[in-house]
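J.: Structure supplied as model04.txt; contents: compact mmCIF, C-alpha atoms.
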# COMPACT_ATOMS: atom_id res chain seq x y z
CA MET A 21 72.03 99.38 107.83
CA ASN A 22 69.85 102.41 107.09
CA GLU A 23 68.65 100.83 103.84
CA TYR A 24 67.67 97.69 105.78
CA ASP A 25 65.91 99.79 108.46
CA SER A 26 64.12 101.90 105.83
CA ASN A 27 62.72 98.79 104.13
CA LYS A 28 61.47 97.55 107.51
CA ILE A 29 59.85 100.93 108.21
CA VAL A 30 57.98 100.67 104.88
CA GLU A 31 56.71 97.21 105.90
CA LEU A 32 55.64 98.56 109.31
CA MET A 33 53.75 101.43 107.67
CA GLU A 34 51.87 98.95 105.48
CA THR A 35 50.41 97.38 108.65
CA ILE A 36 48.47 100.64 109.22
CA SER A 37 47.45 101.05 105.56
CA PHE A 38 50.18 103.47 104.44
CA GLN A 39 51.75 102.77 101.05
CA ARG A 40 55.07 104.07 99.79
CA ILE A 41 54.69 106.61 96.93
CA ASP A 42 57.10 108.33 94.55
CA LYS A 43 55.37 111.71 94.16
CA ILE A 44 56.86 114.04 96.73
CA ASP A 45 53.97 116.53 96.60
CA GLU A 46 51.21 113.97 97.27
CA ALA A 47 52.30 112.41 100.56
CA ASP A 48 50.28 112.15 103.78
CA CYS A 49 53.41 111.28 105.75
CA PHE A 50 57.14 111.82 105.42
CA ILE A 51 59.75 109.73 107.24
CA PHE A 52 63.39 110.79 107.18
CA ASN A 53 65.62 107.91 108.27
CA THR A 54 68.82 109.67 109.19
CA CYS A 55 72.56 109.23 109.67
CA HIS A 56 74.63 111.12 112.25
CA ILE A 57 78.09 109.80 111.43
CA ARG A 58 79.20 113.05 109.73
CA GLN A 59 78.14 116.66 110.19
CA LYS A 60 77.21 117.06 106.52
CA ALA A 61 74.55 114.34 106.80
CA THR A 62 72.98 116.01 109.85
CA GLN A 63 72.91 119.43 108.19
CA LYS A 64 71.20 117.94 105.14
CA VAL A 65 68.34 116.67 107.32
CA TYR A 66 67.21 120.13 108.38
CA SER A 67 67.80 121.58 104.93
CA ASP A 68 65.55 118.92 103.39
CA ILE A 69 62.86 119.42 106.06
CA GLY A 70 62.77 123.05 104.94
CA LYS A 71 62.27 121.98 101.33
CA ILE A 72 59.31 119.76 102.26
CA LYS A 73 57.81 122.55 104.34
CA LYS A 74 58.02 124.89 101.35
CA ILE A 75 56.33 122.36 99.03
CA TYR A 76 53.38 122.02 101.46
CA LYS A 77 53.11 125.71 102.31
CA ASN A 78 49.64 125.99 100.76
CA LYS A 79 48.57 122.38 101.31
CA LYS A 80 47.47 120.22 104.19
CA LYS A 81 50.53 119.54 106.36
CA PRO A 82 51.71 115.92 106.18
CA ILE A 83 52.74 113.97 109.26
CA PHE A 84 56.48 114.43 109.55
CA ILE A 85 58.65 111.83 111.28
CA LEU A 86 62.37 112.10 111.99
CA ALA A 87 63.85 108.63 112.52
CA GLY A 88 67.33 107.18 112.87
CA CYS A 89 70.56 108.38 114.42
CA VAL A 90 70.01 112.16 114.19
CA ALA A 91 66.74 111.61 116.06
CA GLN A 92 68.56 109.57 118.70
CA ALA A 93 71.42 112.03 119.13
CA GLU A 94 69.40 115.26 119.15
CA SER A 95 66.24 113.97 120.87
CA THR A 96 63.99 116.87 122.02
CA LEU A 97 66.38 119.35 120.37
CA VAL A 98 64.84 118.28 117.05
CA PHE A 99 61.57 120.01 118.00
CA GLU A 100 63.49 123.18 118.85
CA LYS A 101 65.30 123.14 115.49
CA SER A 102 62.18 122.40 113.45
CA ASP A 103 58.55 122.88 114.48
CA TYR A 104 57.59 120.91 111.35
CA VAL A 105 58.58 117.57 112.93
CA ASP A 106 55.74 115.69 114.67
CA ILE A 107 57.38 112.43 115.79
CA VAL A 108 61.00 111.71 116.73
CA VAL A 109 62.01 108.05 116.88
CA GLY A 110 65.47 106.51 117.36
CA PRO A 111 66.95 103.58 115.40
CA GLN A 112 66.10 101.10 118.17
CA ALA A 113 62.52 102.31 118.58
CA TYR A 114 61.19 102.65 115.02
CA HIS A 115 59.19 99.45 115.45
CA LYS A 116 56.77 101.57 117.54
CA LEU A 117 55.93 103.86 114.61
CA PRO A 118 52.47 102.37 113.89
CA ASN A 119 51.34 103.06 117.46
CA LEU A 120 53.00 106.47 117.59
CA ILE A 121 51.25 107.51 114.38
CA LYS A 122 47.88 106.30 115.70
CA LYS A 123 48.44 108.31 118.89
CA TYR A 124 49.43 111.38 116.91
CA LEU A 125 46.31 111.18 114.72
CA GLN A 126 44.12 110.87 117.82
CA LYS A 127 45.71 113.52 120.03
CA LYS A 128 47.57 115.80 117.57
CA MET A 129 50.47 115.88 120.05
CA LYS A 130 54.16 115.58 119.29
CA PHE A 131 55.78 112.30 120.37
CA ILE A 132 59.33 111.12 120.97
CA ASP A 133 60.79 107.66 121.59
CA THR A 134 64.55 107.16 121.77
CA ASN A 135 64.68 104.08 123.99
CA LEU A 136 67.45 101.59 123.18
CA ASN A 137 65.53 98.32 123.33
CA VAL A 138 66.94 96.27 120.46
CA ASP A 139 65.54 92.93 121.61
CA GLU A 140 61.99 94.30 121.59
CA LYS A 141 62.53 95.80 118.13
CA PHE A 142 63.53 92.50 116.55
CA ASP A 143 60.66 90.69 118.31
CA VAL A 144 58.28 93.03 116.48
CA LEU A 145 60.14 92.91 113.16
CA LYS A 146 60.10 89.09 113.05
CA ASN A 147 56.32 89.23 112.60
CA LEU A 148 56.61 91.23 109.38
CA VAL A 149 56.07 89.25 106.20
CA ASN A 150 58.77 89.94 103.60
CA LYS A 151 56.64 91.20 100.71
CA LYS A 152 59.62 92.35 98.74
CA SER A 153 62.95 90.70 98.13
CA SER A 154 65.87 91.11 95.81
CA ILE A 155 68.56 88.84 94.44
CA SER A 156 70.99 90.33 96.98
CA SER A 157 69.43 91.08 100.37
CA PHE A 158 70.61 92.69 103.59
CA VAL A 159 69.96 91.00 106.94
CA THR A 160 70.83 92.72 110.21
CA ILE A 161 72.36 90.30 112.72
CA GLN A 162 74.07 92.70 115.13
CA GLU A 163 73.65 96.29 116.27
CA GLY A 164 75.54 98.73 118.45
CA CYS A 165 79.18 98.95 119.43
CA ASP A 166 81.24 98.71 122.63
CA LYS A 167 84.52 99.95 121.15
CA PHE A 168 84.06 103.68 121.89
CA CYS A 169 86.44 105.02 119.27
CA LYS A 170 86.84 108.65 120.29
CA PHE A 171 85.53 110.07 117.01
CA CYS A 172 82.43 107.88 116.69
CA VAL A 173 78.78 108.45 117.65
CA VAL A 174 77.61 104.86 117.10
CA PRO A 175 77.81 103.71 120.77
CA TYR A 176 75.63 106.72 121.68
CA THR A 177 73.10 106.47 118.83
CA ARG A 178 72.84 102.69 118.41
CA GLY A 179 73.67 101.60 121.97
CA PRO A 180 75.74 98.65 123.23
CA GLU A 181 76.50 95.56 121.13
CA PHE A 182 73.53 93.27 120.62
CA SER A 183 73.43 89.99 118.67
CA ARG A 184 70.18 88.59 117.28
CA ASP A 185 69.02 85.06 117.96
CA HIS A 186 70.63 82.98 115.18
CA SER A 187 67.44 80.94 114.67
CA LYS A 188 65.49 84.15 113.92
CA VAL A 189 68.22 85.23 111.50
CA ILE A 190 67.90 81.90 109.67
CA ASP A 191 64.09 82.26 109.56
CA GLU A 192 64.43 85.71 107.98
CA ILE A 193 66.88 84.40 105.39
CA ILE A 194 64.61 81.48 104.48
CA ALA A 195 61.74 83.95 103.96
CA LEU A 196 63.98 85.97 101.64
CA VAL A 197 65.06 82.84 99.75
CA ASP A 198 61.39 81.98 99.15
CA LYS A 199 61.11 85.29 97.28
CA GLY A 200 64.22 84.79 95.16
CA THR A 201 67.24 85.94 97.19
CA LYS A 202 70.52 84.30 96.16
CA GLU A 203 73.00 86.44 98.11
CA ILE A 204 72.91 87.45 101.78
CA ILE A 205 74.84 90.42 103.16
CA LEU A 206 74.98 90.20 106.96
CA LEU A 207 74.91 93.61 108.62
CA GLY A 208 76.11 95.05 111.89
CA GLN A 209 77.81 98.16 113.19
CA ASN A 210 80.42 95.70 114.43
CA VAL A 211 79.32 92.51 112.70
CA SER A 212 82.47 90.47 113.44
CA SER A 213 81.63 90.68 117.17
CA TYR A 214 78.41 88.69 116.58
CA ASN A 215 77.91 86.03 119.27
CA TYR A 216 74.53 84.71 120.31
CA ASN A 217 74.89 82.20 123.16
CA GLY A 218 78.08 80.76 121.66
CA THR A 219 77.00 80.97 118.03
CA THR A 220 79.72 83.17 116.56
CA LEU A 221 79.72 84.81 113.15
CA ALA A 222 81.71 81.89 111.71
CA LYS A 223 79.19 79.37 113.06
CA LEU A 224 76.27 81.45 111.77
CA ILE A 225 77.80 81.62 108.28
CA LYS A 226 78.19 77.83 108.28
CA LYS A 227 74.48 77.50 109.09
CA ILE A 228 73.51 79.91 106.31
CA ALA A 229 75.78 78.12 103.82
CA LYS A 230 73.69 74.96 104.30
CA ILE A 231 70.66 76.70 102.75
CA ASN A 232 70.80 75.35 99.21
CA SER A 233 69.40 78.37 97.37
CA ILE A 234 71.92 80.76 98.94
CA GLU A 235 74.82 81.11 96.51
CA ARG A 236 76.82 83.92 98.13
CA ILE A 237 77.44 85.25 101.65
CA ARG A 238 79.07 88.54 102.64
CA PHE A 239 79.22 90.60 105.84
CA THR A 240 79.92 94.21 106.80
CA THR A 241 81.21 96.17 108.76
CA SER A 242 83.95 94.69 110.93
CA HIS A 243 86.43 95.89 113.55
CA PRO A 244 89.94 94.45 113.16
CA ASN A 245 90.02 93.31 116.80
CA ASP A 246 87.11 90.87 116.54
CA PHE A 247 88.32 88.15 114.18
CA ASP A 248 88.97 84.70 115.61
CA LYS A 249 90.89 81.93 113.84
CA GLU A 250 87.69 80.10 112.87
CA LEU A 251 86.31 83.13 111.03
CA ILE A 252 89.60 83.86 109.26
CA ALA A 253 89.98 80.22 108.19
CA LEU A 254 86.40 80.14 106.93
CA PHE A 255 87.40 82.29 103.95
CA GLY A 256 89.51 79.38 102.75
CA GLU A 257 86.97 76.69 103.64
CA GLU A 258 83.53 77.98 102.61
CA PRO A 259 83.14 78.65 98.87
CA LYS A 260 79.90 80.58 99.42
CA LEU A 261 81.76 83.18 101.51
CA MET A 262 82.95 85.76 98.99
CA PRO A 263 86.65 86.77 98.86
CA GLN A 264 86.06 90.45 99.61
CA LEU A 265 86.11 92.08 103.04
CA HIS A 266 85.44 95.62 104.21
CA LEU A 267 87.91 96.16 107.04
CA PRO A 268 88.08 99.76 108.31
CA VAL A 269 91.48 100.90 109.61
CA GLN A 270 90.93 104.71 109.75
CA SER A 271 94.65 105.54 109.95
CA GLY A 272 98.06 104.00 109.31
CA SER A 273 99.71 105.90 112.18
CA ASP A 274 100.12 104.12 115.52
CA LYS A 275 99.99 107.49 117.27
CA ILE A 276 96.67 108.42 115.67
CA LEU A 277 95.23 104.92 116.18
CA LYS A 278 96.00 105.30 119.90
CA LEU A 279 94.43 108.77 120.01
CA MET A 280 91.36 107.30 118.32
CA ASN A 281 91.18 104.48 120.91
CA ARG A 282 91.24 101.87 118.14
CA ASN A 283 93.20 99.43 120.34
CA HIS A 284 95.22 98.01 117.46
CA THR A 285 98.42 99.05 115.71
CA LYS A 286 99.37 99.29 112.07
CA SER A 287 101.35 96.04 112.37
CA ASP A 288 98.32 94.31 113.99
CA TYR A 289 96.23 95.31 110.99
CA LEU A 290 98.82 94.19 108.45
CA LYS A 291 99.24 90.84 110.23
CA LEU A 292 95.46 90.33 110.05
CA ILE A 293 95.56 91.04 106.30
CA ASP A 294 98.37 88.48 105.92
CA ASP A 295 96.40 85.90 107.93
CA PHE A 296 93.42 86.25 105.59
CA ARG A 297 95.65 85.92 102.53
CA LYS A 298 97.18 82.70 103.85
CA TYR A 299 93.74 81.09 103.76
CA ARG A 300 92.39 82.82 100.64
CA HIS A 301 95.12 84.10 98.32
CA ASP A 302 92.71 86.06 96.10
CA ILE A 303 90.88 87.89 98.91
CA GLN A 304 90.53 91.65 98.38
CA PHE A 305 90.02 94.43 100.91
CA SER A 306 88.21 97.74 101.14
CA SER A 307 88.48 100.16 104.04
CA ASP A 308 87.58 103.48 105.70
CA PHE A 309 89.98 106.38 106.30
CA ILE A 310 89.67 109.53 108.39
CA VAL A 311 91.94 112.31 107.15
CA GLY A 312 93.07 115.15 109.42
CA TYR A 313 92.14 113.61 112.76
CA PRO A 314 93.13 116.01 115.58
CA GLY A 315 96.86 115.68 116.23
CA GLU A 316 97.67 114.22 112.79
CA THR A 317 101.05 115.42 111.49
CA GLU A 318 102.47 115.10 108.00
CA LYS A 319 104.38 112.02 109.20
CA ASP A 320 101.15 110.43 110.46
CA HIS A 321 99.54 111.12 107.10
CA LEU A 322 102.48 109.52 105.28
CA ASP A 323 102.18 106.48 107.56
CA THR A 324 98.63 106.08 106.26
CA ILE A 325 99.82 106.46 102.66
CA ASN A 326 102.42 103.75 103.31
CA LEU A 327 99.79 101.39 104.74
CA ILE A 328 97.60 101.92 101.66
CA ASN A 329 100.56 101.03 99.45
CA GLU A 330 101.26 97.89 101.50
CA VAL A 331 97.69 96.54 101.42
CA ASN A 332 96.53 97.70 97.97
CA PHE A 333 92.80 98.27 98.55
CA THR A 334 90.25 97.64 95.81
CA MET A 335 87.86 100.32 97.10
CA SER A 336 87.67 102.63 100.12
CA TYR A 337 85.74 105.43 101.75
CA SER A 338 87.74 108.45 102.89
CA PHE A 339 86.63 111.65 104.56
CA ILE A 340 88.05 114.64 106.38
CA TYR A 341 87.50 114.29 110.13
CA SER A 342 84.04 115.48 111.14
CA ARG A 343 83.62 116.65 114.73
CA ARG A 344 80.62 114.95 116.34
CA PRO A 345 79.03 116.54 119.45
CA GLY A 346 79.28 114.36 122.54
CA THR A 347 82.30 112.35 121.42
CA PRO A 348 85.66 112.77 123.25
CA ALA A 349 87.41 113.89 120.03
CA SER A 350 84.99 116.82 119.67
CA GLU A 351 86.99 118.59 122.40
CA TYR A 352 90.27 118.32 120.48
CA LYS A 353 91.79 121.09 118.38
CA THR A 354 91.12 120.54 114.68
CA ILE A 355 93.60 120.84 111.80
CA PRO A 356 93.26 123.72 109.29
CA LYS A 357 90.99 122.89 106.36
CA ILE A 358 93.63 123.82 103.77
CA VAL A 359 95.90 121.10 105.21
CA THR A 360 93.22 118.39 105.48
CA GLU A 361 91.92 119.02 101.96
CA LYS A 362 95.41 118.62 100.52
CA ARG A 363 95.92 115.36 102.45
CA LEU A 364 92.53 114.03 101.38
CA GLN A 365 93.33 114.78 97.74
CA GLN A 366 96.62 112.89 97.97
CA LEU A 367 95.08 109.94 99.80
CA GLN A 368 92.09 109.64 97.45
CA GLY A 369 94.34 109.95 94.42
CA LEU A 370 96.21 106.84 95.58
CA LEU A 371 93.04 104.94 96.54
CA PHE A 372 91.35 105.75 93.22
CA LYS A 373 94.46 104.61 91.31
CA GLN A 374 94.47 101.30 93.19
CA GLN A 375 90.77 100.84 92.43
CA ILE A 376 91.28 101.55 88.71
CA ASP A 377 94.34 99.26 88.56
CA PHE A 378 92.41 96.42 90.18
CA ASN A 379 89.45 96.79 87.83
CA GLN A 380 91.72 96.96 84.79
CA SER A 381 93.48 93.77 85.96
CA MET A 382 90.14 92.02 85.35
CA ILE A 383 90.24 92.85 81.61
CA ASN A 384 90.70 89.73 79.43
CA ASN A 385 89.84 87.54 82.43
CA GLU A 386 86.69 85.64 83.39
CA ASN A 387 84.65 86.76 86.41
CA ILE A 388 81.86 84.86 88.14
CA VAL A 389 78.89 87.27 88.17
CA LEU A 390 75.57 87.05 90.02
CA PHE A 391 73.08 89.05 87.94
CA GLU A 392 70.60 91.19 89.86
CA ASN A 393 68.47 93.18 87.41
CA LYS A 394 68.14 95.04 84.14
CA THR A 395 69.28 98.62 83.82
CA GLN A 396 67.14 101.35 82.23
CA ASN A 397 68.47 100.01 78.94
CA ASP A 398 66.37 96.87 78.35
CA GLU A 399 69.28 95.13 76.66
CA GLN A 400 71.77 95.73 79.50
CA PHE A 401 71.98 93.58 82.63
CA PHE A 402 73.68 94.39 85.93
CA GLY A 403 75.39 92.08 88.41
CA ARG A 404 78.37 91.89 90.74
CA ASN A 405 81.45 89.72 90.61
CA GLN A 406 82.93 87.84 93.55
CA TYR A 407 84.75 91.02 94.65
CA MET A 408 81.54 93.09 94.78
CA VAL A 409 82.48 95.09 91.66
CA PRO A 410 79.48 95.99 89.42
CA VAL A 411 79.51 94.24 86.02
CA PHE A 412 77.42 95.27 83.01
CA ILE A 413 76.71 93.19 79.89
CA LYS A 414 74.42 93.61 76.90
CA ASN A 415 72.33 90.47 76.65
CA LYS A 416 68.57 89.94 76.44
CA SER A 417 68.62 86.33 77.57
CA ILE A 418 70.04 86.87 81.09
CA LYS A 419 67.65 86.35 84.00
CA ALA A 420 67.85 87.87 87.48
CA GLY A 421 69.47 85.40 89.89
CA GLU A 422 71.60 83.66 87.28
CA ILE A 423 75.32 83.19 87.87
CA LYS A 424 77.44 83.37 84.72
CA LYS A 425 81.09 83.41 83.72
CA ILE A 426 81.71 86.79 82.15
CA PHE A 427 84.67 87.69 79.97
CA ILE A 428 85.68 91.23 80.96
CA GLU A 429 86.37 93.48 77.98
CA ASN A 430 86.63 96.92 79.57
CA ALA A 431 86.71 98.72 82.91
CA ASN A 432 86.59 102.12 84.59
CA ARG A 433 87.10 103.07 88.23
CA ASN A 434 83.72 101.80 89.41
CA ASN A 435 82.49 99.23 86.88
CA LEU A 436 83.41 96.31 84.63
CA PHE A 437 81.96 95.61 81.17
CA GLY A 438 81.93 92.28 79.37
CA LYS A 439 80.14 89.44 77.63
CA ILE A 440 79.16 85.86 78.45
CA ALA A 441 82.32 83.73 78.34
Written as structure tokens, how would this file's structure read?
T.:
Amino acid sequence: MNEYDSNKIVELMETISFQRIDKIDEADCFIFNTCHIRQKATQKVYSDIGKIKKIYKNKKKPIFILAGCVAQAESTLVFEKSDYVDIVVGPQAYHKLPNLIKKYLQKKMKFIDTNLNVDEKFDVLKNLVNKKSSISSFVTIQEGCDKFCKFCVVPYTRGPEFSRDHSKVIDEIIALVDKGTKEIILLGQNVSSYNYNGTTLAKLIKKIAKINSIERIRFTTSHPNDFDKELIALFGEEPKLMPQLHLPVQSGSDKILKLMNRNHTKSDYLKLIDDFRKYRHDIQFSSDFIVGYPGETEKDHLDTINLINEVNFTMSYSFIYSRRPGTPASEYKTIPKIVTEKRLQQLQGLLFKQQIDFNQSMINNENIVLFENKTQNDEQFFGRNQYMVPVFIKNKSIKAGEIKKIFIENANRNNLFGKIA
């Protein structure tokens, strides 16, 4: 989502004659588009502001803008923490940046906008011409969340659930297709809850699948409670919908899931996995895990280990619980670091083994790969298979956007290596 937003911010800046540059010491304006989901990300923001300040110590000060979820969560506190910041803008208000910058240049005053007006944002963004596209492109269709998991800042930084007009989504995709996009990844904080006047995610995917030049469709991230039968069945009906799904569970303990306010149980999650596999036997899953959530015992941790063994994930993200100010869980007593680090090591060891085992199972088999671009080595091309795993081959004749059968010869934890079948 932040990558999508950052690309839109670049397009907005171009409307007022700013161009993106690579040289960090020659900028007139810096924009940090931030994440607030973990404490480490927030700390990095202020550390990096300090680095920029040091670089420009003896130069003209650039305009400095703090955007995204840290800006939304900390609001005016940002100015107290760093006098270097000139403009603070939340993730639902960044469309106002051109006007805010013009105001700043005229009045040399600090400005802040953290309003949560998603509809207005997308009305502005629809007028941007997609100057840049890639073979695989993100498209935001939904923002915000109404689930209020007790550890999560998203409902406070992104606001309530909002679904974009499906016709505007289709228009954006067609514009991307005109510039070469072959794969669409639909984005949302809770994308499976998408529903615009009766057009659900399943119905939207069916509309997108009718666009001839689109070869692949994916979506992320989903909550287990928002899948209807039509969407589950679609994995077995629509060949353009790829057989890989990111489905965060966070914990395998019913006690912890209840404390988190996830509103599903371990058995609910496993039944959902089984339902998907009935329609698409080769579907693979990735997930998110929080280790050491307040109240987690060794038994709760082992329940999570057992769930991982039952599902067999191809890739997952796992982190030690990070207390976020303003969330209900921030008031709970945390678990000693020595305990959580040990649990994380055990959990990641299992997840990494499953990932390696899955990738190695591809060896001596053919994968269908959509090639995206060359690597720094002119003879090596990069693409992804149907399960989203990166695939590398040495071949000068491949072109970006081509789909090829690739015979997999080797693998490591993160990548596959092969040749044209």
J.: For Ile328 in chain A, which residue among A:Val269, A:Ala229, A:Ile237, A:Ala91 is the nearest when counting only C-alpha atoms?
T.: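 Of A:Val269, A:Ala229, A:Ile237, A:Ala91, the one nearest Ile328 in chain A, counting only C-alpha atoms, is A:Val269.
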J.: How far is it from CA of Ile57 in chain A to CA of Cys89 in chain A, in Å with one decimal?
T.: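 Going from CA of Ile57 in chain A over to CA of Cys89 in chain A covers 8.2 Å.
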J.: Given the choices A:Leu254, A:Ile194, A:Met33, A:Val144, which gets closest to Leu120 in chain A if the distance is worked out from only C-alpha atoms?
T.: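 Using only C-alpha atoms, Leu120 in chain A sits closest to A:Met33.
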J.: If I take CA of Phe437 in chain A and CA of Ile413 in chain A, how far is one from the other in Å, to one decimal?
T.: 5.9 Å
J.: Find the residues near range 343-356 of chain A: any atom within 12 Å, counting all atoms listed in the file, skip ones fewer than 2 places away on the same chain, and give them as a VMD selection string.
T.: chain A and resid 55 to 62 90 93 to 94 168 to 177 276 279 to 281 310 to 318 339 to 341 358 to 363
J.: Report, in Å to a single decimal, how far apart CA of Tyr216 in chain A and CA of Ile204 in chain A are.
T.: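 A separation of 18.8 Å between them.
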J.: Pick the closest to Pro118 in chain A from A:Ser381, A:Gln270, A:Asn232, A:Ser37: which is it, counting only C-alpha atoms?
T.: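 Comparing A:Ser381, A:Gln270, A:Asn232, A:Ser37 against Pro118 in chain A, the winner is A:Ser37.
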J.: Find the residues around Lys81 in chain A up to 10 Å (all atoms listed in the file counted), leave out those fewer than 4 positions away in its own chain, and share them as a PyMOL selection string.
T.: chain A and resi 47-49+72-73+75-77+104
J.: List the neighbours of range 123-140 of chain A out to 7 Å using all atoms listed in the file; skip same-chain residues closer than 4 positions along the sequence, and give me the result as an MDAnalysis selection string.
T.: chainID A and resid 92 106:110 112:113 119 144 179
J.: Select, from A:Glu258, A:Asp320, A:Glu31, A:Glu429, the residue with the minimum atom-to-atom distance to Glu386 in chain A, counting only C-alpha atoms.
T.: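 Nearest to Glu386 in chain A: A:Glu429.
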J.: For Gln304 in chain A, which residue out of A:Phe401, A:Tyr407, A:Tyr337, A:Phe239 is the nearest one, using all atoms listed in the file?
T.: A:Tyr407
J.: Using only C-alpha atoms, which protein or nucleic acid residues come within 7 Å of range 153-161 of chain A? Drop anything in the same chain fewer than 2 positions from it, and give the result as a list in words.
T.: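 Contacts, with the query itself left out: Tyr24, Asn150, Lys151, Ser183, Arg184, Val189, Leu196, Lys199, Gly200, Thr201, Lys202, Glu203, Ile204, Ile205, Leu206, Leu207, Gly208, Glu392 and Gly421 of chain A.
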J.: Can you tell me, as a list in words, which residues sit within 9 Å of (67.4, 90.3, 83.1) in the file's frame, using only C-alpha atoms?
T.: Phe391, Glu392, Asn393, Lys394, Thr395, Asp398, Glu399, Gln400, Phe401, Phe402, Asn415, Lys416, Ser417, Ile418, Lys419, Ala420, Gly421 and Glu422 of chain A
J.: Would you list the contacts of Lys167 in chain A as a short mmCIF file (atom, residue, chain, number, x, y, z; two decimals) with C-alpha atoms, in the coordinates of the input, taking every protein, DNA or RNA residue within 10 Å and counting all atoms listed in the file, but skipping same-chain residues closer than 6 positions in sequence?
T.:
data_model
loop_
_atom_site.label_atom_id
_atom_site.label_comp_id
_atom_site.auth_asym_id
_atom_site.auth_seq_id
_atom_site.Cartn_x
_atom_site.Cartn_y
_atom_site.Cartn_z
CA VAL A 174 77.61 104.86 117.10
CA PRO A 175 77.81 103.71 120.77
CA PRO A 180 75.74 98.65 123.23
CA GLU A 181 76.50 95.56 121.13
CA ASN A 210 80.42 95.70 114.43
CA HIS A 243 86.43 95.89 113.55
CA ASN A 245 90.02 93.31 116.80
CA ASN A 281 91.18 104.48 120.91
CA ARG A 282 91.24 101.87 118.14
CA ASN A 283 93.20 99.43 120.34
#
J.: Name the closest residue to Tyr299 in chain A among the candidates A:Ile252, A:Leu367, A:Lys278, A:Ser271; distances are taken between atoms, counting all atoms listed in the file.
T.: A:Ile252
J.: Produce range 283-322 of chain A of the given structure as output with C-alpha atoms, as an mmCIF file, in the first residue's frame.
T.:
data_model
loop_
_atom_site.group_PDB
_atom_site.id
_atom_site.type_symbol
_atom_site.label_atom_id
_atom_site.label_comp_id
_atom_site.auth_asym_id
_atom_site.auth_seq_id
_atom_site.Cartn_x
_atom_site.Cartn_y
_atom_site.Cartn_z
ATOM 1 C CA ASN A 283 -13.239 -12.967 16.166
ATOM 2 C CA HIS A 284 -12.239 -16.322 14.709
ATOM 3 C CA THR A 285 -10.796 -19.508 16.167
ATOM 4 C CA LYS A 286 -8.006 -21.789 15.048
ATOM 5 C CA SER A 287 -10.571 -24.298 13.750
ATOM 6 C CA ASP A 288 -12.365 -21.510 11.804
ATOM 7 C CA TYR A 289 -9.074 -20.679 10.102
ATOM 8 C CA LEU A 290 -8.247 -24.305 9.298
ATOM 9 C CA LYS A 291 -11.750 -24.875 7.887
ATOM 10 C CA LEU A 292 -11.273 -21.844 5.615
ATOM 11 C CA ILE A 293 -7.968 -23.294 4.391
ATOM 12 C CA ASP A 294 -9.721 -26.609 3.672
ATOM 13 C CA ASP A 295 -12.518 -24.810 1.792
ATOM 14 C CA PHE A 296 -9.995 -23.127 -0.499
ATOM 15 C CA ARG A 297 -8.212 -26.425 -1.139
ATOM 16 C CA LYS A 298 -11.471 -28.117 -2.146
ATOM 17 C CA TYR A 299 -11.800 -25.650 -5.015
ATOM 18 C CA ARG A 300 -8.101 -25.299 -5.880
ATOM 19 C CA HIS A 301 -5.999 -28.261 -4.748
ATOM 20 C CA ASP A 302 -2.669 -26.557 -5.525
ATOM 21 C CA ILE A 303 -3.396 -23.275 -3.705
ATOM 22 C CA GLN A 304 -0.629 -22.117 -1.361
ATOM 23 C CA PHE A 305 -0.776 -19.813 1.651
ATOM 24 C CA SER A 306 1.383 -17.208 3.334
ATOM 25 C CA SER A 307 0.579 -15.534 6.634
ATOM 26 C CA ASP A 308 1.495 -13.101 9.439
ATOM 27 C CA PHE A 309 2.399 -14.085 13.011
ATOM 28 C CA ILE A 310 2.775 -12.042 16.178
ATOM 29 C CA VAL A 311 5.043 -13.719 18.717
ATOM 30 C CA GLY A 312 4.846 -12.924 22.429
ATOM 31 C CA TYR A 313 1.481 -11.163 22.456
ATOM 32 C CA PRO A 314 0.615 -10.139 26.047
ATOM 33 C CA GLY A 315 -0.729 -13.181 27.905
ATOM 34 C CA GLU A 316 0.889 -15.735 25.569
ATOM 35 C CA THR A 317 2.054 -18.847 27.442
ATOM 36 C CA GLU A 318 4.301 -21.625 26.212
ATOM 37 C CA LYS A 319 1.163 -23.658 25.442
ATOM 38 C CA ASP A 320 -0.235 -20.802 23.331
ATOM 39 C CA HIS A 321 3.060 -20.628 21.456
ATOM 40 C CA LEU A 322 2.972 -24.382 20.808
#
